[in-house]
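Next up, entry.csv (CSV, C-alpha atoms and all ligand atoms):
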chain,number,residue,atom,x,y,z
A,18,MET,CA,132.1,79.4,114.0
A,19,LYS,CA,131.9,82.8,115.7
A,20,LEU,CA,128.7,84.4,116.9
A,21,PRO,CA,128.2,87.8,115.2
A,22,GLU,CA,129.0,90.6,117.7
A,23,ASP,CA,125.5,92.0,117.5
A,24,PHE,CA,123.8,88.6,117.9
A,25,VAL,CA,120.5,88.9,119.8
A,26,PHE,CA,119.4,85.7,121.7
A,27,SER,CA,115.8,85.0,122.2
A,28,GLN,CA,113.7,82.2,123.8
A,29,SER,CA,113.3,80.6,120.3
A,30,SER,CA,117.0,80.5,119.4
A,31,LEU,CA,118.0,79.3,122.8
A,32,GLN,CA,115.3,76.6,122.7
A,33,ASP,CA,116.5,75.5,119.3
A,34,TYR,CA,120.0,75.3,120.8
A,35,VAL,CA,118.9,73.2,123.8
A,36,ASP,CA,116.9,70.9,121.5
A,37,CYS,CA,119.6,70.6,118.9
A,38,PRO,CA,122.8,72.6,118.5
A,39,ARG,CA,123.0,71.8,114.8
A,40,ARG,CA,119.5,73.3,114.3
A,41,PHE,CA,120.6,76.5,116.1
A,42,GLN,CA,123.6,76.7,113.8
A,43,LEU,CA,121.6,76.1,110.6
A,44,ARG,CA,118.9,78.5,111.5
A,45,TYR,CA,120.6,81.4,113.2
A,46,LEU,CA,124.2,81.3,112.1
A,47,LEU,CA,124.0,79.9,108.6
A,48,ARG,CA,120.5,81.4,108.0
A,49,GLN,CA,119.7,78.2,106.1
A,50,ARG,CA,116.3,78.4,104.4
A,51,TRP,CA,114.3,75.4,105.3
A,52,PRO,CA,114.5,72.6,102.6
A,53,ALA,CA,111.7,70.3,103.9
A,54,PRO,CA,108.3,70.6,105.4
A,55,GLU,CA,107.9,70.1,109.1
A,56,VAL,CA,104.8,68.0,108.9
A,57,ASP,CA,103.0,65.9,106.3
A,58,ASP,CA,99.9,68.2,106.1
A,59,LEU,CA,101.1,71.6,105.2
A,60,LEU,CA,97.6,73.1,104.5
A,61,GLU,CA,96.5,72.1,108.0
A,62,LEU,CA,99.7,73.5,109.4
A,63,GLU,CA,99.1,76.8,107.6
A,64,ARG,CA,95.5,76.9,108.7
A,65,ARG,CA,96.5,76.5,112.4
A,66,MET,CA,99.2,79.1,112.1
A,67,ARG,CA,96.9,81.6,110.4
A,68,ARG,CA,94.2,81.0,113.0
A,69,GLY,CA,96.8,81.4,115.9
A,70,ASP,CA,98.0,84.6,114.3
A,71,HIS,CA,94.5,85.9,113.9
A,72,PHE,CA,93.7,85.2,117.5
A,73,HIS,CA,96.8,87.1,118.7
A,74,HIS,CA,95.7,90.0,116.5
A,75,LEU,CA,92.2,90.0,117.9
A,76,VAL,CA,93.3,90.1,121.5
A,77,GLN,CA,95.7,92.9,120.7
A,78,GLN,CA,92.9,94.9,119.1
A,79,HIS,CA,90.7,94.3,122.1
A,80,LEU,CA,93.5,95.4,124.5
A,81,VAL,CA,94.1,98.6,122.7
A,82,GLY,CA,90.4,99.5,123.0
A,83,LEU,CA,88.3,98.0,120.2
A,84,PRO,CA,84.9,96.9,121.4
A,85,ALA,CA,84.6,93.2,122.0
A,86,ASP,CA,81.1,92.9,120.3
A,87,LEU,CA,82.5,94.5,117.1
A,88,LEU,CA,85.4,92.1,117.0
A,89,LEU,CA,83.2,89.1,117.7
A,90,LYS,CA,80.6,90.1,115.1
A,91,ARG,CA,83.1,89.8,112.3
A,92,LEU,CA,84.4,86.3,113.2
A,93,GLN,CA,83.3,83.5,110.8
A,94,ASP,CA,85.6,80.8,112.0
A,95,ALA,CA,84.0,78.6,114.7
A,96,ASP,CA,87.3,77.9,116.5
A,97,LEU,CA,88.3,81.6,116.5
A,98,ARG,CA,84.9,82.5,117.9
A,99,ARG,CA,85.2,79.9,120.7
A,100,TRP,CA,88.7,81.1,121.5
A,101,PHE,CA,87.9,84.7,121.6
A,102,THR,CA,84.8,84.1,123.7
A,103,ALA,CA,86.9,82.2,126.2
A,104,TYR,CA,89.4,85.1,126.2
A,105,LEU,CA,86.5,87.6,126.9
A,106,THR,CA,85.2,85.3,129.7
A,107,SER,CA,88.5,84.6,131.5
A,108,GLY,CA,91.6,85.8,129.6
A,109,LEU,CA,92.1,88.9,131.7
A,110,ASP,CA,91.0,87.4,135.1
A,111,ASP,CA,93.0,88.5,138.1
A,112,LEU,CA,95.5,90.6,136.1
A,113,PRO,CA,97.0,93.9,137.3
A,114,PRO,CA,95.4,97.0,135.8
A,115,GLN,CA,98.1,98.4,133.5
A,116,ARG,CA,98.0,96.4,130.3
A,117,ARG,CA,100.8,96.5,127.7
A,118,PRO,CA,100.2,94.2,124.8
A,119,GLU,CA,103.0,93.2,122.4
A,120,LEU,CA,105.8,94.5,124.5
A,121,THR,CA,109.5,93.9,123.6
A,122,LEU,CA,112.3,94.2,126.2
A,123,THR,CA,116.0,93.6,125.7
A,124,VAL,CA,118.7,93.1,128.3
A,125,PRO,CA,122.5,92.4,128.0
A,126,LEU,CA,123.5,88.8,128.1
A,127,GLY,CA,127.3,88.5,128.4
A,128,GLU,CA,128.6,90.4,125.4
A,129,TYR,CA,125.3,89.9,123.5
A,130,SER,CA,121.7,90.8,124.0
A,131,LEU,CA,118.7,88.8,125.1
A,132,LEU,CA,115.3,89.8,123.7
A,133,ALA,CA,111.8,88.9,125.0
A,134,LYS,CA,108.5,89.7,123.2
A,135,PHE,CA,105.6,89.4,125.6
A,136,ASP,CA,102.0,89.0,124.3
A,137,LEU,CA,100.9,91.0,127.3
A,138,LEU,CA,102.5,92.5,130.3
A,139,ALA,CA,100.1,93.4,133.1
A,140,LEU,CA,101.5,95.6,135.8
A,141,GLU,CA,100.5,97.2,139.1
A,142,PRO,CA,102.9,100.1,139.8
A,143,GLY,CA,105.0,99.0,142.8
A,144,GLY,CA,103.2,95.7,142.9
A,145,ARG,CA,102.6,92.6,140.8
A,146,ALA,CA,103.8,92.0,137.2
A,147,CYS,CA,102.2,89.3,135.1
A,148,ILE,CA,103.5,88.2,131.7
A,149,VAL,CA,100.7,86.5,129.7
A,150,ASP,CA,101.3,84.3,126.8
A,151,TRP,CA,98.3,83.3,124.7
A,152,LYS,CA,98.5,79.7,123.4
A,153,THR,CA,96.4,78.4,120.6
A,154,GLY,CA,97.9,74.9,120.2
A,155,ARG,CA,96.0,71.7,121.1
A,156,HIS,CA,98.6,70.5,123.5
A,157,LEU,CA,98.2,71.4,127.2
A,158,PRO,CA,101.6,70.9,128.8
A,159,ARG,CA,102.2,70.3,132.5
A,160,GLY,CA,103.5,73.1,134.6
A,161,GLU,CA,106.7,71.2,135.4
A,162,ALA,CA,107.4,70.9,131.7
A,163,LEU,CA,106.8,74.6,131.2
A,164,ALA,CA,109.2,75.5,134.0
A,165,GLN,CA,112.0,74.0,131.9
A,166,ARG,CA,111.1,75.8,128.7
A,167,MET,CA,113.4,78.5,127.5
A,168,GLN,CA,110.4,80.8,127.1
A,169,THR,CA,109.6,80.7,130.8
A,170,ILE,CA,113.3,81.1,131.8
A,171,VAL,CA,113.9,84.0,129.4
A,172,TYR,CA,110.7,85.9,129.9
A,173,ARG,CA,110.8,86.0,133.7
A,174,TYR,CA,114.5,86.8,133.7
A,175,VAL,CA,114.2,89.6,131.2
A,176,LEU,CA,111.4,91.2,133.1
A,177,ALA,CA,113.2,91.0,136.4
A,178,ALA,CA,116.4,92.4,134.8
A,179,ALA,CA,114.8,95.2,132.8
A,180,GLY,CA,111.5,95.9,134.6
A,181,ASP,CA,112.8,99.1,136.1
A,182,SER,CA,112.2,100.8,132.8
A,183,LEU,CA,108.5,100.1,133.2
A,184,ASN,CA,108.3,100.7,136.9
A,185,GLY,CA,109.3,104.3,137.5
A,186,GLY,CA,113.0,103.4,137.6
A,187,VAL,CA,112.5,100.8,140.4
A,188,PRO,CA,113.3,97.2,139.6
A,189,ILE,CA,110.4,94.7,139.8
A,190,PRO,CA,111.2,92.2,142.6
A,191,PRO,CA,111.3,88.7,141.1
A,192,GLU,CA,108.8,87.6,143.8
A,193,GLN,CA,106.2,89.9,142.2
A,194,ILE,CA,106.6,88.3,138.8
A,195,GLU,CA,104.3,85.7,137.4
A,196,MET,CA,104.5,83.9,134.0
A,197,ARG,CA,101.0,82.9,132.9
A,198,TYR,CA,100.3,80.6,129.9
A,199,TRP,CA,96.6,80.9,128.8
A,200,TYR,CA,95.2,78.1,126.5
A,201,ALA,CA,92.5,79.2,124.1
A,202,ASP,CA,91.7,75.7,122.9
A,203,HIS,CA,91.2,74.5,126.5
A,204,ASP,CA,88.5,77.1,127.5
A,205,GLY,CA,91.1,79.4,129.0
A,206,ALA,CA,93.0,76.9,131.1
A,207,THR,CA,96.1,78.5,132.6
A,208,ARG,CA,99.5,77.5,133.8
A,209,ARG,CA,101.0,79.9,136.3
A,210,LEU,CA,104.6,80.0,137.2
A,211,THR,CA,105.8,82.2,140.0
A,212,TYR,CA,109.4,83.5,140.4
A,213,ASP,CA,111.9,84.4,143.1
A,214,ARG,CA,115.4,85.8,143.5
A,215,ALA,CA,117.1,82.4,143.9
A,216,GLN,CA,115.5,81.2,140.6
A,217,MET,CA,116.5,84.5,138.9
A,218,GLN,CA,120.1,83.9,139.9
A,219,ALA,CA,120.0,80.3,138.7
A,220,ASP,CA,118.4,81.4,135.4
A,221,GLU,CA,121.1,84.0,134.9
A,222,ALA,CA,123.9,81.5,135.5
A,223,HIS,CA,122.2,79.0,133.2
A,224,LEU,CA,121.8,81.6,130.4
A,225,LEU,CA,125.4,82.7,130.6
A,226,ARG,CA,126.5,79.1,130.6
A,227,LEU,CA,124.5,78.4,127.5
A,228,VAL,CA,126.1,81.4,125.7
A,229,LYS,CA,129.6,80.3,126.7
A,230,THR,CA,128.9,76.8,125.5
A,231,ILE,CA,127.6,78.1,122.2
A,232,GLU,CA,130.6,80.4,121.7
A,233,ALA,CA,133.0,77.4,122.3
A,234,HIS,CA,131.7,75.3,119.5
A,235,ASP,CA,133.8,74.6,116.5
A,236,GLU,CA,131.2,72.2,115.3
A,237,PHE,CA,127.6,72.1,116.3
A,238,PRO,CA,126.6,68.4,117.0
A,239,LEU,CA,123.3,66.8,115.8
A,240,THR,CA,120.9,66.0,118.5
A,241,PRO,CA,121.1,62.4,119.7
A,242,ASP,CA,117.3,62.4,120.1
A,243,GLU,CA,116.3,61.4,116.5
A,244,GLN,CA,112.6,61.8,117.4
A,245,ARG,CA,113.2,65.6,117.1
A,246,CYS,CA,114.3,65.2,113.5
A,247,ARG,CA,110.9,63.9,112.3
A,248,PHE,CA,109.5,67.3,112.7
A,249,CYS,CA,112.6,69.3,111.8
A,250,VAL,CA,112.8,71.1,108.5
A,251,TYR,CA,116.5,70.3,108.2
A,252,ARG,CA,116.3,66.5,108.3
A,253,SER,CA,117.4,66.0,104.7
A,254,LEU,CA,120.5,68.2,105.3
A,255,CYS,CA,121.4,66.1,108.4
A,256,ASP,CA,120.6,62.8,106.7
A,257,ARG,CA,118.0,62.1,109.3
A,258,GLY,CA,115.2,60.9,107.0
A,259,VAL,CA,113.1,62.4,104.2
A,260,GLU,CA,109.5,61.9,105.4
A,261,ALA,CA,107.8,64.6,107.4
A,262,GLY,CA,106.3,63.7,110.7
A,263,ALA,CA,102.5,63.2,110.9
A,264,MET,CA,100.5,66.3,111.7
A,265,THR,CA,98.4,64.2,114.1
A,266,GLU,CA,101.5,63.5,116.2
A,267,TRP,CA,102.9,67.0,116.1
A,268,ASP,CA,103.3,68.9,119.4
A,269,ASP,CA,101.8,72.2,118.3
A,270,ASP,CA,102.8,74.2,121.3
A,271,PHE,CA,104.0,76.9,119.1
A,272,ASP,CA,102.9,80.4,118.8
A,273,PRO,CA,103.4,82.5,115.7
A,274,ALA,CA,103.9,85.6,117.7
A,275,ASP,CA,106.7,84.1,119.9
A,276,GLY,CA,109.8,86.1,118.9
A,277,ASP,CA,111.5,84.7,115.8
A,278,PHE,CA,109.6,81.7,115.0
A,279,THR,CA,110.8,81.1,111.5
A,280,LEU,CA,108.2,79.1,109.6
A,281,ASP,CA,107.5,81.2,106.5
A,282,LEU,CA,104.1,80.9,104.9
A,283,GLU,CA,105.5,81.9,101.5
A,284,GLN,CA,107.9,79.0,101.7
A,285,ILE,CA,105.0,76.7,102.6
A,286,ALA,CA,103.2,77.9,99.5
A,287,GLU,CA,106.3,77.2,97.4
A,288,ILE,CA,106.6,73.7,98.6
A,289,GLU,CA,102.9,73.0,98.5
A,290,PHE,CA,102.5,74.1,94.9
B,1,LIG,S1,117.3,67.2,111.5
B,1,LIG,FE1,117.7,66.5,113.6
B,1,LIG,S2,119.9,66.8,113.8
B,1,LIG,FE2,119.3,68.0,112.0
B,1,LIG,S3,118.9,70.1,112.7
B,1,LIG,FE3,117.0,69.0,112.8
B,1,LIG,S4,116.8,68.2,114.9
B,1,LIG,FE4,119.0,68.7,114.5
What does this structure look like when you write it as structure tokens?
Ligand code: SF4
Amino acid sequence: MKLPEDFVFSQSSLQDYVDCPRRFQLRYLLRQRWPAPEVDDLLELERRMRRGDHFHHLVQQHLVGLPADLLLKRLQDADLRRWFTAYLTSGLDDLPPQRRPELTLTVPLGEYSLLAKFDLLALEPGGRACIVDWKTGRHLPRGEALAQRMQTIVYRYVLAAAGDSLNGGVPIPPEQIEMRYWYADHDGATRRLTYDRAQMQADEAHLLRLVKTIEAHDEFPLTPDEQRCRFCVYRSLCDRGVEAGAMTEWDDDFDPADGDFTLDLEQIAEIEF
């Protein structure tokens, strides 16, 4: 199966490929709508997604200049109030002065494109550049695990490759780039990952290798790790079980604003009712 010429890779699609080549094929090449719920408690899933989405929106409104007290006053949901208060207390600590929320950058990747959508890019002209990703899930991953995530690999690489467009035509040295994950449900705990030129070269080689591997597939194999199938919407298509995984065991380290996360709330409603 050929990739469309105008295919745009993202951290989500590459993470899907790394997790399960078949999922990548179903989601991005066949555009298969999801036939099964991811977890057993769809209402709770929807609540968490809407709350996460709302938090991202609040932060964006604050970053474009709406007063914090006005935003806080309107909040009824206790978790949202707690998250937003944590953000006001520490979310912007030690960040360079130029703030660009919801910024999308695209770079070439082989014959294709690679897109990254940052929650926030904080820049100091000629100095540091910090990519911030707001996380609202309950899971607090270790830094070593995050270093392997495609989000970390893609975001830092895209900024190093395309940062000149934001830096007066001068590339941003990888050593000046930091990827920072900020955890709302953990009182603003952070995970900070630095970067350097050797890592950038390794990431570029890794990304290009992934694309070549994807291009070479005649068939996209199912993951051998069947644990992944418990929380995958395609498990009935793959004959990997019919029961959804328990919401209580779900790794909710997702972010509705991360690129092309494809869970569709209208589809949840269709299944639920
Ligand atoms: S059910 Fe399993 S094998 Fe099928 S797409 Fe999902 S993760 Fe891959």
With 9 Å as the cut-off and only C-alpha atoms and all ligand atoms counted, what is the closest atom pair between each nearby residue of chain A and ligand LIG 1 (chain B)? Distances in Å to one decimal, ordered by chain and number, as a tab-separated table.
residue	atom	partner	partner_atom	distance
A:Asp33	CA	B:LIG1	S4	8.5
A:Asp36	CA	B:LIG1	S4	7.1
A:Cys37	CA	B:LIG1	FE4	4.8
A:Pro38	CA	B:LIG1	FE4	6.8
A:Arg39	CA	B:LIG1	S3	4.9
A:Arg40	CA	B:LIG1	S3	3.6
A:Phe41	CA	B:LIG1	S3	7.4
A:Gln42	CA	B:LIG1	S3	8.2
A:Leu43	CA	B:LIG1	S3	6.9
A:Arg44	CA	B:LIG1	S3	8.5
A:Pro238	CA	B:LIG1	S2	7.6
A:Leu239	CA	B:LIG1	S2	3.9
A:Thr240	CA	B:LIG1	S2	4.9
A:Pro241	CA	B:LIG1	S2	7.5
A:Asp242	CA	B:LIG1	FE1	7.7
A:Glu243	CA	B:LIG1	FE1	6.0
A:Gln244	CA	B:LIG1	FE1	7.9
A:Arg245	CA	B:LIG1	S4	5.0
A:Cys246	CA	B:LIG1	FE1	3.6
A:Arg247	CA	B:LIG1	S1	7.2
A:Phe248	CA	B:LIG1	S4	7.7
A:Cys249	CA	B:LIG1	FE3	4.5
A:Val250	CA	B:LIG1	FE3	6.4
A:Tyr251	CA	B:LIG1	S1	4.6
A:Arg252	CA	B:LIG1	S1	3.4
A:Ser253	CA	B:LIG1	S1	6.9
A:Leu254	CA	B:LIG1	FE2	6.8
A:Cys255	CA	B:LIG1	FE2	4.6
A:Asp256	CA	B:LIG1	S1	7.3
A:Arg257	CA	B:LIG1	S1	5.6
A:Gly258	CA	B:LIG1	S1	8.0
Fill in: Å distance separating CA of Asp94 in chain A from CA of Arg117 in chain A, one decimal place
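The value is 26.9 Å.
Residue nearest Ser107 in chain A, chosen from A:Trp151, A:Tyr34, A:Phe26, A:Phe135 and counting only C-alpha atoms: A:Trp151.
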Fill in: Residue list as a count of residues only for point (102.0, 81.5, 124.0), cut-off 12 Å, all atoms listed in the file
45
Discussion item. Could you list, as a PyMOL selection string, every residue within 10 Å of Ala178 in chain A, counting all atoms listed in the file and ignoring same-chain residues fewer than 5 positions away?
Written reply: chain A and resi 122-125+172-173+188-191+217+221
Practice prompt. May I ask for the distance between CA of Cys147 in chain A and CA of Leu112 in chain A, given in Å to one decimal place?
Written response: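 One can read the CA of Cys147 in chain A to CA of Leu112 in chain A distance as 6.9 Å.
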Fill in: CA of Leu87 in chain A to CA of Gly108 in chain A, distance in Å rounded to a single decimal
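Between CA of Leu87 in chain A and CA of Gly108 in chain A the gap is 17.7 Å.
Compared by their closest atoms to Tyr104 in chain A, and using only C-alpha atoms, the residues A:Asp204, A:Asp213, A:Glu141, A:Glu161 rank with A:Asp204 nearest.
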Fill in: Closest of A:Arg226, A:Arg50, A:Arg145, A:Arg67 to Asp111 in chain A - atom-to-atom distances counting all atoms listed in the file
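Of all the options, A:Arg145 lies closest to Asp111 in chain A.
In terms of minimum interatomic distance to Phe101 in chain A, A:His71 ranks closest within A:Lys19, A:Arg159, A:His71, A:Arg214, counting all atoms listed in the file.
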